[in-house]
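Colleague: What follows is the file upload.txt, containing compact mmCIF, C-alpha atoms:
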# COMPACT_ATOMS: atom_id res chain seq x y z
CA VAL A 1 5.15 -4.30 0.44
CA VAL A 2 2.66 -2.77 -1.97
CA ASP A 3 3.31 0.07 -4.41
CA ASP A 4 2.54 1.33 -7.92
CA THR A 5 4.53 3.01 -10.64
CA GLY A 6 4.06 4.67 -14.01
CA PHE A 7 5.56 3.86 -17.40
CA PRO A 8 5.95 7.11 -19.40
CA LYS A 9 4.38 6.81 -22.84
CA ASP A 10 3.59 9.00 -25.80
CA GLY A 11 1.59 6.53 -27.87
CA ASP A 12 -2.16 6.30 -28.41
CA LEU A 13 -2.59 2.56 -27.93
CA SER A 14 -1.00 1.97 -24.56
CA PRO A 15 -3.08 -0.46 -22.50
CA GLY A 16 -3.30 1.75 -19.44
CA VAL A 17 -3.16 5.42 -18.51
CA ALA A 18 -2.57 7.25 -15.26
CA ALA A 19 -5.39 7.00 -12.74
CA GLN A 20 -5.76 10.75 -12.53
CA TYR A 21 -5.78 11.36 -16.28
CA CYS A 22 -8.12 9.48 -18.59
CA PRO A 23 -8.26 11.17 -22.02
CA PRO A 24 -11.07 10.73 -24.54
CA LEU A 25 -10.63 7.79 -26.89
CA GLY A 26 -8.38 8.70 -29.76
CA LYS A 27 -6.36 11.18 -27.70
CA THR A 28 -2.82 10.64 -26.47
CA ALA A 29 -2.41 8.65 -23.27
CA ASN A 30 0.33 9.77 -20.91
CA CYS A 31 1.47 6.53 -19.29
CA GLN A 32 0.78 3.00 -18.18
CA VAL A 33 0.35 2.34 -14.46
CA ALA A 34 1.36 -0.89 -12.74
CA VAL A 35 0.55 -2.16 -9.25
CA SER A 36 3.12 -4.44 -7.64
CA VAL A 37 3.63 -6.58 -4.53
CA HIS A 38 7.19 -7.07 -3.27
CA ALA A 39 8.83 -9.35 -0.75
CA ALA A 40 11.11 -7.21 1.42
CA THR A 41 13.57 -7.54 4.28
CA ASP A 42 16.04 -5.06 5.73
CA VAL A 43 18.72 -6.20 3.28
CA ALA A 44 16.95 -7.29 0.09
CA SER A 45 13.65 -7.27 -1.79
CA CYS A 46 12.12 -8.39 -5.06
CA PRO A 47 8.81 -7.96 -6.93
CA LEU A 48 6.54 -11.00 -6.64
CA ALA A 49 3.50 -9.98 -8.67
CA TRP A 50 2.36 -7.26 -11.08
CA ARG A 51 -0.98 -6.00 -12.35
CA LEU A 52 -1.53 -3.50 -15.13
CA PHE A 53 -4.09 -0.94 -13.98
CA VAL A 54 -6.98 -0.56 -16.45
CA PRO A 55 -8.83 2.80 -16.05
CA GLU A 56 -12.61 3.05 -16.35
CA CYS A 57 -12.34 4.67 -19.78
CA TRP A 58 -11.00 1.35 -21.12
CA ASP A 59 -14.31 -0.38 -20.36
CA GLY A 60 -17.55 -0.22 -22.32
CA ALA A 61 -18.50 -0.26 -25.99
CA ALA A 62 -16.63 2.97 -26.77
CA ALA A 63 -13.32 1.27 -25.94
CA THR A 64 -13.90 -1.95 -27.92
CA GLU A 65 -11.63 -1.07 -30.83
CA ARG A 66 -8.91 0.27 -28.58
CA ARG A 67 -8.96 -2.89 -26.46
CA ARG A 68 -8.77 -5.03 -29.61
CA HIS A 69 -5.67 -3.18 -30.82
CA CYS A 70 -4.00 -3.70 -27.44
CA ARG A 71 -5.19 -7.33 -27.19
CA ILE A 72 -6.65 -6.82 -23.71
CA PRO A 73 -8.45 -10.05 -22.67
CA PRO A 74 -12.26 -9.71 -22.63
CA ASP A 75 -12.44 -10.69 -18.94
CA VAL A 76 -10.06 -7.90 -17.85
CA HIS A 77 -11.81 -4.72 -16.72
CA HIS A 78 -11.29 -1.73 -14.50
CA GLN A 79 -10.67 -2.49 -10.83
CA PRO A 80 -9.46 -0.18 -8.06
CA LYS A 81 -5.78 -0.58 -7.31
CA TRP A 82 -6.44 -1.85 -3.78
CA GLN A 83 -8.59 -4.63 -5.22
CA LEU A 84 -5.79 -5.65 -7.58
CA VAL A 85 -3.49 -5.90 -4.55
CA LEU A 86 -5.90 -8.18 -2.69
CA GLU A 87 -6.12 -10.42 -5.76
CA MET A 88 -2.34 -10.64 -5.95
CA LEU A 89 -2.09 -11.46 -2.25
CA ASP A 90 -4.66 -14.24 -2.71
CA GLU A 91 -2.74 -15.56 -5.70
CA LEU A 92 0.54 -15.55 -3.77
CA ALA A 93 -1.10 -17.24 -0.78
CA GLY A 94 -2.23 -19.99 -3.15
CA ILE A 95 1.40 -20.91 -3.78
CA GLY A 96 2.44 -20.64 -0.15
CA LEU A 97 3.68 -17.05 -0.12
CA ARG A 98 1.84 -15.37 2.74
CA PRO A 99 3.28 -12.08 4.06
CA ALA A 100 4.14 -11.66 7.71
CA VAL A 101 3.18 -7.96 7.49
CA VAL A 102 1.75 -5.88 4.64
CA ALA A 103 3.07 -2.34 4.16
CA ALA A 104 1.71 0.24 1.71
CA ASP A 105 1.48 3.98 1.18
CA ALA A 106 -1.46 6.25 1.99
CA GLY A 107 -3.11 5.65 -1.37
CA TYR A 108 -3.90 2.15 -0.13
CA GLY A 109 -3.89 2.58 3.65
CA SER A 110 -6.49 5.35 3.62
CA THR A 111 -8.97 3.06 1.86
CA ALA A 112 -11.11 1.34 4.49
CA SER A 113 -12.09 -1.45 2.06
CA PHE A 114 -8.41 -2.35 1.65
CA ARG A 115 -7.79 -2.49 5.40
CA ILE A 116 -10.93 -4.59 5.90
CA GLY A 117 -9.82 -6.90 3.07
CA LEU A 118 -6.50 -7.50 4.81
CA GLU A 119 -8.22 -8.14 8.14
CA ASP A 120 -10.67 -10.57 6.52
CA ARG A 121 -7.61 -12.48 5.30
CA HIS A 122 -6.09 -12.37 8.81
CA LEU A 123 -3.10 -10.39 7.54
CA ALA A 124 -1.12 -8.03 9.73
CA TYR A 125 -0.43 -4.58 8.31
CA VAL A 126 1.32 -1.27 8.87
CA LEU A 127 -0.23 1.18 6.39
CA GLN A 128 0.52 4.82 5.86
CA VAL A 129 -2.69 6.86 6.02
CA LYS A 130 -3.87 10.43 5.73
CA GLY A 131 -4.23 12.50 8.87
CA GLU A 132 -7.83 13.34 7.89
CA LEU A 133 -9.02 9.80 8.66
CA THR A 134 -11.20 9.67 11.75
CA ALA A 135 -11.10 7.46 14.85
CA TYR A 136 -12.55 7.12 18.33
CA PRO A 137 -10.30 7.33 21.40
CA ALA A 138 -9.15 4.05 22.92
CA ASP A 139 -11.41 4.50 25.95
CA SER A 140 -14.60 5.00 23.92
CA GLU A 141 -17.33 2.46 24.60
CA ALA A 142 -20.20 1.26 22.44
CA VAL A 143 -23.59 1.96 24.04
CA THR A 144 -26.90 0.21 23.40
CA LEU A 145 -29.97 2.43 23.78
CA PRO A 146 -33.00 1.01 25.65
CA TYR A 147 -35.40 -0.95 23.45
CA GLY A 148 -38.61 0.97 22.84
CA GLY A 149 -40.66 -2.11 21.97
CA LEU A 150 -41.16 -1.27 18.28
CA GLY A 151 -39.06 -2.32 15.33
CA PRO A 152 -35.68 -4.05 15.49
CA ARG A 153 -33.67 -3.85 18.68
CA PRO A 154 -31.02 -1.11 18.61
CA LEU A 155 -27.44 -2.18 18.00
CA PRO A 156 -24.52 -1.01 20.13
CA ARG A 157 -23.06 2.21 18.76
CA TYR A 158 -20.47 4.79 19.69
CA ARG A 159 -22.27 7.94 20.73
CA THR A 160 -19.28 10.26 20.72
CA ARG A 161 -18.10 11.98 17.59
CA PRO A 162 -14.85 10.60 16.07
CA VAL A 163 -12.05 13.05 15.34
CA SER A 164 -9.24 13.02 12.80
CA LEU A 165 -6.01 11.15 13.42
CA ARG A 166 -4.24 14.49 13.24
CA ASP A 167 -6.40 15.85 16.08
CA HIS A 168 -5.75 12.75 18.18
CA VAL A 169 -2.01 13.28 17.93
CA LEU A 170 -2.20 17.05 18.47
CA ALA A 171 -4.31 16.44 21.59
CA ALA A 172 -1.65 14.06 22.90
CA GLY A 173 0.92 16.78 22.33
CA ARG A 174 4.50 17.03 21.17
CA GLY A 175 5.64 15.92 24.62
CA GLN A 176 4.38 12.38 23.91
CA ALA A 177 6.84 11.96 21.04
CA VAL A 178 9.80 9.65 21.59
CA THR A 179 12.95 9.31 19.51
CA ILE A 180 13.18 5.99 17.67
CA THR A 181 16.17 4.66 15.74
CA TRP A 182 14.94 2.01 13.30
CA ARG A 183 17.96 1.17 11.13
CA ARG A 184 21.40 2.31 10.04
CA GLY A 185 21.56 4.09 6.70
CA SER A 186 24.48 5.04 4.49
CA ARG A 187 24.95 8.25 6.49
CA GLY A 188 24.50 6.77 9.94
CA PRO A 189 21.59 5.80 12.20
CA MET A 190 18.08 6.60 10.89
CA ARG A 191 16.09 8.22 13.69
CA ALA A 192 13.09 10.48 14.17
CA ARG A 193 10.45 11.37 16.75
CA PHE A 194 7.16 9.45 16.86
CA VAL A 195 3.91 9.49 18.81
CA PHE A 196 2.22 6.13 19.50
CA LEU A 197 -1.49 5.99 20.37
CA ARG A 198 -4.21 3.36 20.48
CA VAL A 199 -7.38 4.34 18.59
CA ARG A 200 -10.53 2.79 17.13
CA PRO A 201 -10.68 3.72 13.39
CA SER A 202 -14.14 4.87 12.27
CA GLY A 203 -14.38 6.34 8.78
CA ARG A 204 -17.14 5.53 6.34
CA ARG A 205 -16.94 1.75 6.66
CA PRO A 206 -16.01 0.70 10.18
CA LYS A 207 -16.32 -3.02 10.84
CA PRO A 208 -17.47 -3.47 14.44
CA ALA A 209 -17.63 -6.83 16.20
CA ALA A 210 -20.95 -8.44 17.13
CA ASP A 211 -21.05 -6.44 20.36
CA GLY A 212 -20.58 -3.18 18.45
CA THR A 213 -16.98 -2.57 19.50
CA ILE A 214 -14.39 -1.42 17.00
CA ALA A 215 -11.00 -3.05 17.49
CA LEU A 216 -8.08 -1.03 18.79
CA ARG A 217 -5.35 -0.17 16.31
CA TRP A 218 -1.95 1.44 16.54
CA LEU A 219 -1.76 5.05 15.38
CA ILE A 220 1.85 5.98 14.63
CA ALA A 221 2.70 9.59 13.83
CA GLN A 222 6.08 10.97 12.82
CA TRP A 223 6.51 14.39 14.41
CA PRO A 224 9.83 16.14 13.73
CA GLY A 225 11.10 18.25 16.61
CA LYS A 226 10.82 21.58 14.78
CA ALA A 227 7.51 20.87 13.01
CA ASP A 228 4.22 22.34 14.19
CA GLU A 229 2.42 19.03 13.61
CA PRO A 230 3.10 15.45 12.47
CA VAL A 231 4.22 14.88 8.90
CA ARG A 232 3.24 11.19 8.44
CA TYR A 233 0.69 8.80 9.91
CA TRP A 234 0.31 5.02 9.95
CA LEU A 235 -2.38 2.60 11.18
CA SER A 236 -1.48 -0.93 12.22
CA ASN A 237 -3.30 -3.99 13.55
CA LEU A 238 -0.12 -5.46 15.04
CA PRO A 239 -0.19 -6.59 18.71
CA ALA A 240 -0.41 -3.99 21.45
CA ASP A 241 2.76 -5.23 23.14
CA LEU A 242 4.98 -4.91 20.06
CA PRO A 243 8.01 -2.67 20.75
CA SER A 244 7.83 0.83 19.26
CA ARG A 245 11.09 0.34 17.37
CA VAL A 246 9.67 -2.69 15.56
CA LEU A 247 6.51 -0.77 14.61
CA VAL A 248 8.56 2.04 13.10
CA ARG A 249 10.95 -0.32 11.31
CA LEU A 250 7.99 -2.07 9.66
CA ALA A 251 6.29 1.23 8.82
CA LYS A 252 9.48 2.38 7.11
CA THR A 253 9.88 -0.84 5.09
CA ARG A 254 8.68 0.92 1.94
CA TRP A 255 12.12 2.46 1.42
CA ARG A 256 13.16 -0.92 -0.01
CA ILE A 257 10.57 -0.55 -2.76
CA GLU A 258 11.92 2.83 -3.75
CA HIS A 259 15.30 1.11 -4.06
CA ASP A 260 13.69 -1.62 -6.18
CA TYR A 261 12.06 0.82 -8.57
CA ARG A 262 15.25 2.84 -8.93
CA GLU A 263 17.17 -0.27 -9.95
CA LEU A 264 14.33 -1.71 -12.05
CA LYS A 265 14.03 1.51 -14.03
CA THR A 266 17.55 2.90 -14.27
CA ALA A 267 19.56 -0.34 -14.51
CA LEU A 268 17.14 -2.92 -15.90
CA GLY A 269 14.89 -0.90 -18.20
CA LEU A 270 11.52 -1.34 -16.52
CA ASP A 271 10.22 1.95 -17.92
CA HIS A 272 11.82 1.47 -21.36
CA PHE A 273 8.87 -0.56 -22.61
CA GLU A 274 7.69 0.82 -25.96
CA GLY A 275 5.18 -1.87 -26.88
CA ARG A 276 1.45 -1.34 -27.19
CA SER A 277 0.02 -4.73 -26.24
CA TRP A 278 -1.19 -6.45 -23.08
CA ASP A 279 0.96 -9.54 -23.67
CA GLY A 280 4.04 -7.48 -24.54
CA TRP A 281 3.85 -5.48 -21.34
CA HIS A 282 3.57 -8.62 -19.20
CA ARG A 283 6.51 -10.28 -20.98
CA HIS A 284 8.59 -7.16 -20.40
CA VAL A 285 7.93 -6.89 -16.65
CA THR A 286 8.43 -10.65 -16.24
CA LEU A 287 11.88 -10.51 -17.81
CA VAL A 288 12.85 -7.38 -15.86
CA THR A 289 11.70 -9.01 -12.62
CA ALA A 290 13.69 -12.16 -13.39
CA ALA A 291 16.81 -10.03 -14.01
CA HIS A 292 16.24 -8.18 -10.75
CA LEU A 293 15.87 -11.45 -8.82
CA PHE A 294 19.08 -12.79 -10.38
CA LEU A 295 21.02 -9.69 -9.30
CA THR A 296 19.49 -9.85 -5.82
CA GLU A 297 20.54 -13.49 -5.47
CA ARG A 298 24.09 -12.64 -6.54
CA ARG A 299 24.31 -9.79 -4.04
CA THR A 300 22.98 -11.73 -1.07
CA HIS A 301 25.02 -14.94 -1.52
CA PRO A 302 28.78 -15.25 -0.96
CA LYS A 303 30.80 -15.22 -4.10
CA ALA A 304 31.94 -18.60 -5.39
CA LEU A 305 35.60 -19.38 -4.80
CA ALA A 306 37.67 -18.33 -7.75
CA ARG A 307 39.44 -21.09 -9.66
CA VAL A 308 43.16 -21.31 -9.02
Will you turn the file into structure tokens for me?
Modeller:
Amino acid sequence: VVDDTGFPKDGDLSPGVAAQYCPPLGKTANCQVAVSVHAATDVASCPLAWRLFVPECWDGAAATERRRHCRIPPDVHHQPKWQLVLEMLDELAGIGLRPAVVAADAGYGSTASFRIGLEDRHLAYVLQVKGELTAYPADSEAVTLPYGGLGPRPLPRYRTRPVSLRDHVLAAGRGQAVTITWRRGSRGPMRARFVFLRVRPSGRRPKPAADGTIALRWLIAQWPGKADEPVRYWLSNLPADLPSRVLVRLAKTRWRIEHDYRELKTALGLDHFEGRSWDGWHRHVTLVTAAHLFLTERRTHPKALARV
């Protein structure tokens, strides 16, 4: 599972600031932002890798002195968060840790480059996305226009106009929603109503096959009974015959990460870091992660027999 979190700061020499707020050099930065990859099951989870997000304003000659104060390595520069995630997944795969399914929020799932990166690595995913993303209906077909004899031969293309995921679900109608129970929470069964459709995602960077076809993907939409329209959307490249309950359970896996961050911050001091250096931040998150893993191991293994 992929996520990111902020580390509240009030100092001027923090090595990262929030993605949406990049102050001029010499001004106060508001926080450091970390991107993390977690291993997660229904009963336990733990961070596996971290990256400190470096905004664009920390690159270039104007940031040289600031980078020197924070001891940021010269080969570390700004990269989009989704690219940091792909690097971490590659690094984990190099030591034999390859995820069965990748889950992430809409900040990642709505980025076509991230989805393509996962597909290029032959990784399955269930990613939350924005309803504004566009897709072709499942029955759309790529058409090749007749060759006119001049220039390159035309490639197969979809001639219909794609519509938003939201419009796909609204066209299917509230009557297509089914009630799914995906797990038992502290207050009883967790259930909601969902619409399941097969679509061909388009967007700005579709990746068609050689014959011009765009692969079918699951579109999952959560549509509460009293709501006028869906409230959440997911895209997934999991098999077409996968049961709906499994799709929803995987889509909802991110709740474990919220649990992780709550424990990492409130009990283990993840956001208590007050250092101002690249090395210091990485030492801090490493120790916090090790403490979290220790507690997870203690919780998930039977207690040792007490001495008599």
Colleague: In terms of the shortest atom-to-atom distance over only C-alpha atoms, which of A:Gly109, A:Pro230, A:Pro152, A:Gly185 is closest to Asp167 in chain A?
Modeller: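 Of A:Gly109, A:Pro230, A:Pro152, A:Gly185, the one nearest Asp167 in chain A, counting only C-alpha atoms, is A:Pro230.
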Colleague: Between A:His38, A:Arg115, A:Arg121, A:Arg183, which one has atoms that come closest to Ser202 in chain A, using all atoms listed in the file?
Modeller: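 Once distances to Ser202 in chain A are computed over all atoms listed in the file, the minimum belongs to A:Arg115.
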Colleague: Calculate how many Å separate CA of Arg51 in chain A from CA of Val288 in chain A, rounding to one decimal.
Modeller: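 Between these atoms lies a distance of 14.3 Å.
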Colleague: Work out how far apart CA of Lys81 in chain A and CA of Phe53 in chain A are and give it in Å to one decimal.
Modeller: 6.9 Å
Colleague: Would you pick out the contacts of His78 in chain A at 7 Å or less, using all atoms listed in the file, so that residues sharing its chain but fewer than 5 positions from it are not included, and give the list as a ChimeraX atom specification?
Modeller: /A:54-56,59
Colleague: State, in Å with one decimal place, the distance from CA of Cys57 in chain A to CA of Phe273 in chain A.
Modeller: 22.0 Å
Colleague: Might you pull out every residue within 7 Å of Ala39 in chain A, with only C-alpha atoms counted and same-chain residues fewer than 6 positions away left off, and present them as number ranges by chain?
Modeller: A: 1, 45-48
Colleague: List the neighbours of Lys130 in chain A out to 10 Å using all atoms listed in the file; skip same-chain residues closer than 6 positions along the sequence, and give me the result as an mmCIF file with C-alpha atoms, in the coordinates of the input.
Modeller:
data_model
loop_
_atom_site.group_PDB
_atom_site.id
_atom_site.type_symbol
_atom_site.label_atom_id
_atom_site.label_comp_id
_atom_site.auth_asym_id
_atom_site.auth_seq_id
_atom_site.Cartn_x
_atom_site.Cartn_y
_atom_site.Cartn_z
ATOM 1 C CA ASP A 105 1.480 3.980 1.180
ATOM 2 C CA ALA A 106 -1.460 6.250 1.990
ATOM 3 C CA GLY A 107 -3.110 5.650 -1.370
ATOM 4 C CA GLY A 109 -3.890 2.580 3.650
ATOM 5 C CA SER A 110 -6.490 5.350 3.620
ATOM 6 C CA THR A 111 -8.970 3.060 1.860
ATOM 7 C CA SER A 164 -9.240 13.020 12.800
ATOM 8 C CA LEU A 165 -6.010 11.150 13.420
ATOM 9 C CA ARG A 166 -4.240 14.490 13.240
ATOM 10 C CA VAL A 231 4.220 14.880 8.900
ATOM 11 C CA ARG A 232 3.240 11.190 8.440
ATOM 12 C CA TYR A 233 0.690 8.800 9.910
ATOM 13 C CA TRP A 234 0.310 5.020 9.950
ATOM 14 C CA LEU A 235 -2.380 2.600 11.180
#
Colleague: Tell me, as a list of chain:residue names, which residues lie within 9 Å of Phe114 in chain A, counting only C-alpha atoms; anything in the same chain fewer than 5 positions away does not count.
Modeller: A:Trp82, A:Gln83, A:Val85, A:Leu86, A:Tyr108, A:Gly109, A:Glu119
Colleague: Of the candidates A:Pro73, A:Gly151, A:Gly173, A:Gly188, which one gets nearest to Trp278 in chain A if we count only C-alpha atoms?
Modeller: A:Pro73
Colleague: What would range 45-70 of chain A look like with N, CA, C and O atoms in place, written as a PDB file, in the coordinates of the input?
Modeller:
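Printed below is result.pdb as written:
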ATOM      1  N   SER A  45      15.064  -7.217  -1.413  1.00  0.00           N
ATOM      2  CA  SER A  45      13.650  -7.270  -1.790  1.00  0.00           C
ATOM      3  C   SER A  45      13.552  -7.624  -3.265  1.00  0.00           C
ATOM      4  O   SER A  45      14.529  -7.537  -4.011  1.00  0.00           O
ATOM      5  N   CYS A  46      12.338  -8.022  -3.663  1.00  0.00           N
ATOM      6  CA  CYS A  46      12.120  -8.390  -5.060  1.00  0.00           C
ATOM      7  C   CYS A  46      10.631  -8.380  -5.364  1.00  0.00           C
ATOM      8  O   CYS A  46       9.822  -8.796  -4.527  1.00  0.00           O
ATOM      9  N   PRO A  47      10.226  -7.898  -6.558  1.00  0.00           N
ATOM     10  CA  PRO A  47       8.810  -7.960  -6.930  1.00  0.00           C
ATOM     11  C   PRO A  47       8.350  -9.421  -7.032  1.00  0.00           C
ATOM     12  O   PRO A  47       9.068 -10.279  -7.528  1.00  0.00           O
ATOM     13  N   LEU A  48       7.133  -9.666  -6.555  1.00  0.00           N
ATOM     14  CA  LEU A  48       6.540 -11.000  -6.640  1.00  0.00           C
ATOM     15  C   LEU A  48       5.388 -11.067  -7.624  1.00  0.00           C
ATOM     16  O   LEU A  48       5.115 -12.130  -8.185  1.00  0.00           O
ATOM     17  N   ALA A  49       4.675  -9.958  -7.796  1.00  0.00           N
ATOM     18  CA  ALA A  49       3.500  -9.980  -8.670  1.00  0.00           C
ATOM     19  C   ALA A  49       3.249  -8.578  -9.208  1.00  0.00           C
ATOM     20  O   ALA A  49       3.559  -7.576  -8.553  1.00  0.00           O
ATOM     21  N   TRP A  50       2.681  -8.530 -10.420  1.00  0.00           N
ATOM     22  CA  TRP A  50       2.360  -7.260 -11.080  1.00  0.00           C
ATOM     23  C   TRP A  50       0.932  -7.319 -11.617  1.00  0.00           C
ATOM     24  O   TRP A  50       0.448  -8.376 -11.988  1.00  0.00           O
ATOM     25  N   ARG A  51       0.288  -6.156 -11.656  1.00  0.00           N
ATOM     26  CA  ARG A  51      -0.980  -6.000 -12.350  1.00  0.00           C
ATOM     27  C   ARG A  51      -0.935  -4.689 -13.115  1.00  0.00           C
ATOM     28  O   ARG A  51      -0.478  -3.665 -12.602  1.00  0.00           O
ATOM     29  N   LEU A  52      -1.412  -4.722 -14.343  1.00  0.00           N
ATOM     30  CA  LEU A  52      -1.530  -3.500 -15.130  1.00  0.00           C
ATOM     31  C   LEU A  52      -2.882  -2.868 -14.832  1.00  0.00           C
ATOM     32  O   LEU A  52      -3.922  -3.506 -14.998  1.00  0.00           O
ATOM     33  N   PHE A  53      -2.864  -1.645 -14.350  1.00  0.00           N
ATOM     34  CA  PHE A  53      -4.090  -0.940 -13.980  1.00  0.00           C
ATOM     35  C   PHE A  53      -4.851  -0.534 -15.244  1.00  0.00           C
ATOM     36  O   PHE A  53      -4.290   0.085 -16.148  1.00  0.00           O
ATOM     37  N   VAL A  54      -6.122  -0.894 -15.314  1.00  0.00           N
ATOM     38  CA  VAL A  54      -6.980  -0.560 -16.450  1.00  0.00           C
ATOM     39  C   VAL A  54      -7.988   0.502 -15.984  1.00  0.00           C
ATOM     40  O   VAL A  54      -8.855   0.202 -15.165  1.00  0.00           O
ATOM     41  N   PRO A  55      -7.894   1.740 -16.461  1.00  0.00           N
ATOM     42  CA  PRO A  55      -8.830   2.800 -16.050  1.00  0.00           C
ATOM     43  C   PRO A  55     -10.243   2.527 -16.553  1.00  0.00           C
ATOM     44  O   PRO A  55     -10.462   1.722 -17.460  1.00  0.00           O
ATOM     45  N   GLU A  56     -11.203   3.233 -15.977  1.00  0.00           N
ATOM     46  CA  GLU A  56     -12.610   3.050 -16.350  1.00  0.00           C
ATOM     47  C   GLU A  56     -12.850   3.364 -17.822  1.00  0.00           C
ATOM     48  O   GLU A  56     -13.737   2.772 -18.444  1.00  0.00           O
ATOM     49  N   CYS A  57     -12.087   4.286 -18.398  1.00  0.00           N
ATOM     50  CA  CYS A  57     -12.340   4.670 -19.780  1.00  0.00           C
ATOM     51  C   CYS A  57     -11.929   3.578 -20.765  1.00  0.00           C
ATOM     52  O   CYS A  57     -12.157   3.712 -21.975  1.00  0.00           O
ATOM     53  N   TRP A  58     -11.335   2.481 -20.258  1.00  0.00           N
ATOM     54  CA  TRP A  58     -11.000   1.350 -21.120  1.00  0.00           C
ATOM     55  C   TRP A  58     -12.075   0.265 -21.063  1.00  0.00           C
ATOM     56  O   TRP A  58     -11.906  -0.811 -21.639  1.00  0.00           O
ATOM     57  N   ASP A  59     -13.170   0.526 -20.386  1.00  0.00           N
ATOM     58  CA  ASP A  59     -14.310  -0.380 -20.360  1.00  0.00           C
ATOM     59  C   ASP A  59     -15.429   0.178 -21.234  1.00  0.00           C
ATOM     60  O   ASP A  59     -15.451   1.357 -21.557  1.00  0.00           O
ATOM     61  N   GLY A  60     -16.386  -0.673 -21.575  1.00  0.00           N
ATOM     62  CA  GLY A  60     -17.550  -0.220 -22.320  1.00  0.00           C
ATOM     63  C   GLY A  60     -17.365  -0.309 -23.824  1.00  0.00           C
ATOM     64  O   GLY A  60     -16.273  -0.544 -24.347  1.00  0.00           O
ATOM     65  N   ALA A  61     -18.475  -0.102 -24.527  1.00  0.00           N
ATOM     66  CA  ALA A  61     -18.500  -0.260 -25.990  1.00  0.00           C
ATOM     67  C   ALA A  61     -17.579   0.736 -26.680  1.00  0.00           C
ATOM     68  O   ALA A  61     -16.981   0.423 -27.720  1.00  0.00           O
ATOM     69  N   ALA A  62     -17.443   1.936 -26.126  1.00  0.00           N
ATOM     70  CA  ALA A  62     -16.630   2.970 -26.770  1.00  0.00           C
ATOM     71  C   ALA A  62     -15.156   2.578 -26.846  1.00  0.00           C
ATOM     72  O   ALA A  62     -14.410   3.102 -27.681  1.00  0.00           O
ATOM     73  N   ALA A  63     -14.725   1.666 -25.967  1.00  0.00           N
ATOM     74  CA  ALA A  63     -13.320   1.270 -25.940  1.00  0.00           C
ATOM     75  C   ALA A  63     -13.053  -0.050 -26.649  1.00  0.00           C
ATOM     76  O   ALA A  63     -11.920  -0.542 -26.617  1.00  0.00           O
ATOM     77  N   THR A  64     -14.051  -0.619 -27.314  1.00  0.00           N
ATOM     78  CA  THR A  64     -13.900  -1.950 -27.920  1.00  0.00           C
ATOM     79  C   THR A  64     -12.747  -2.013 -28.902  1.00  0.00           C
ATOM     80  O   THR A  64     -11.906  -2.923 -28.856  1.00  0.00           O
ATOM     81  N   GLU A  65     -12.672  -1.050 -29.808  1.00  0.00           N
ATOM     82  CA  GLU A  65     -11.630  -1.070 -30.830  1.00  0.00           C
ATOM     83  C   GLU A  65     -10.252  -0.870 -30.214  1.00  0.00           C
ATOM     84  O   GLU A  65      -9.274  -1.516 -30.604  1.00  0.00           O
ATOM     85  N   ARG A  66     -10.185   0.004 -29.239  1.00  0.00           N
ATOM     86  CA  ARG A  66      -8.910   0.270 -28.580  1.00  0.00           C
ATOM     87  C   ARG A  66      -8.416  -0.988 -27.851  1.00  0.00           C
ATOM     88  O   ARG A  66      -7.246  -1.327 -27.873  1.00  0.00           O
ATOM     89  N   ARG A  67      -9.322  -1.662 -27.173  1.00  0.00           N
ATOM     90  CA  ARG A  67      -8.960  -2.890 -26.460  1.00  0.00           C
ATOM     91  C   ARG A  67      -8.502  -3.966 -27.449  1.00  0.00           C
ATOM     92  O   ARG A  67      -7.580  -4.730 -27.166  1.00  0.00           O
ATOM     93  N   ARG A  68      -9.155  -4.026 -28.612  1.00  0.00           N
ATOM     94  CA  ARG A  68      -8.770  -5.030 -29.610  1.00  0.00           C
ATOM     95  C   ARG A  68      -7.358  -4.773 -30.111  1.00  0.00           C
ATOM     96  O   ARG A  68      -6.557  -5.701 -30.256  1.00  0.00           O
ATOM     97  N   HIS A  69      -7.025  -3.522 -30.362  1.00  0.00           N
ATOM     98  CA  HIS A  69      -5.670  -3.180 -30.820  1.00  0.00           C
ATOM     99  C   HIS A  69      -4.621  -3.572 -29.787  1.00  0.00           C
ATOM    100  O   HIS A  69      -3.522  -4.001 -30.145  1.00  0.00           O
ATOM    101  N   CYS A  70      -4.959  -3.411 -28.504  1.00  0.00           N
ATOM    102  CA  CYS A  70      -4.000  -3.700 -27.440  1.00  0.00           C
ATOM    103  C   CYS A  70      -4.058  -5.155 -26.983  1.00  0.00           C
ATOM    104  O   CYS A  70      -3.266  -5.561 -26.131  1.00  0.00           O
TER     105      CYS A  70
END
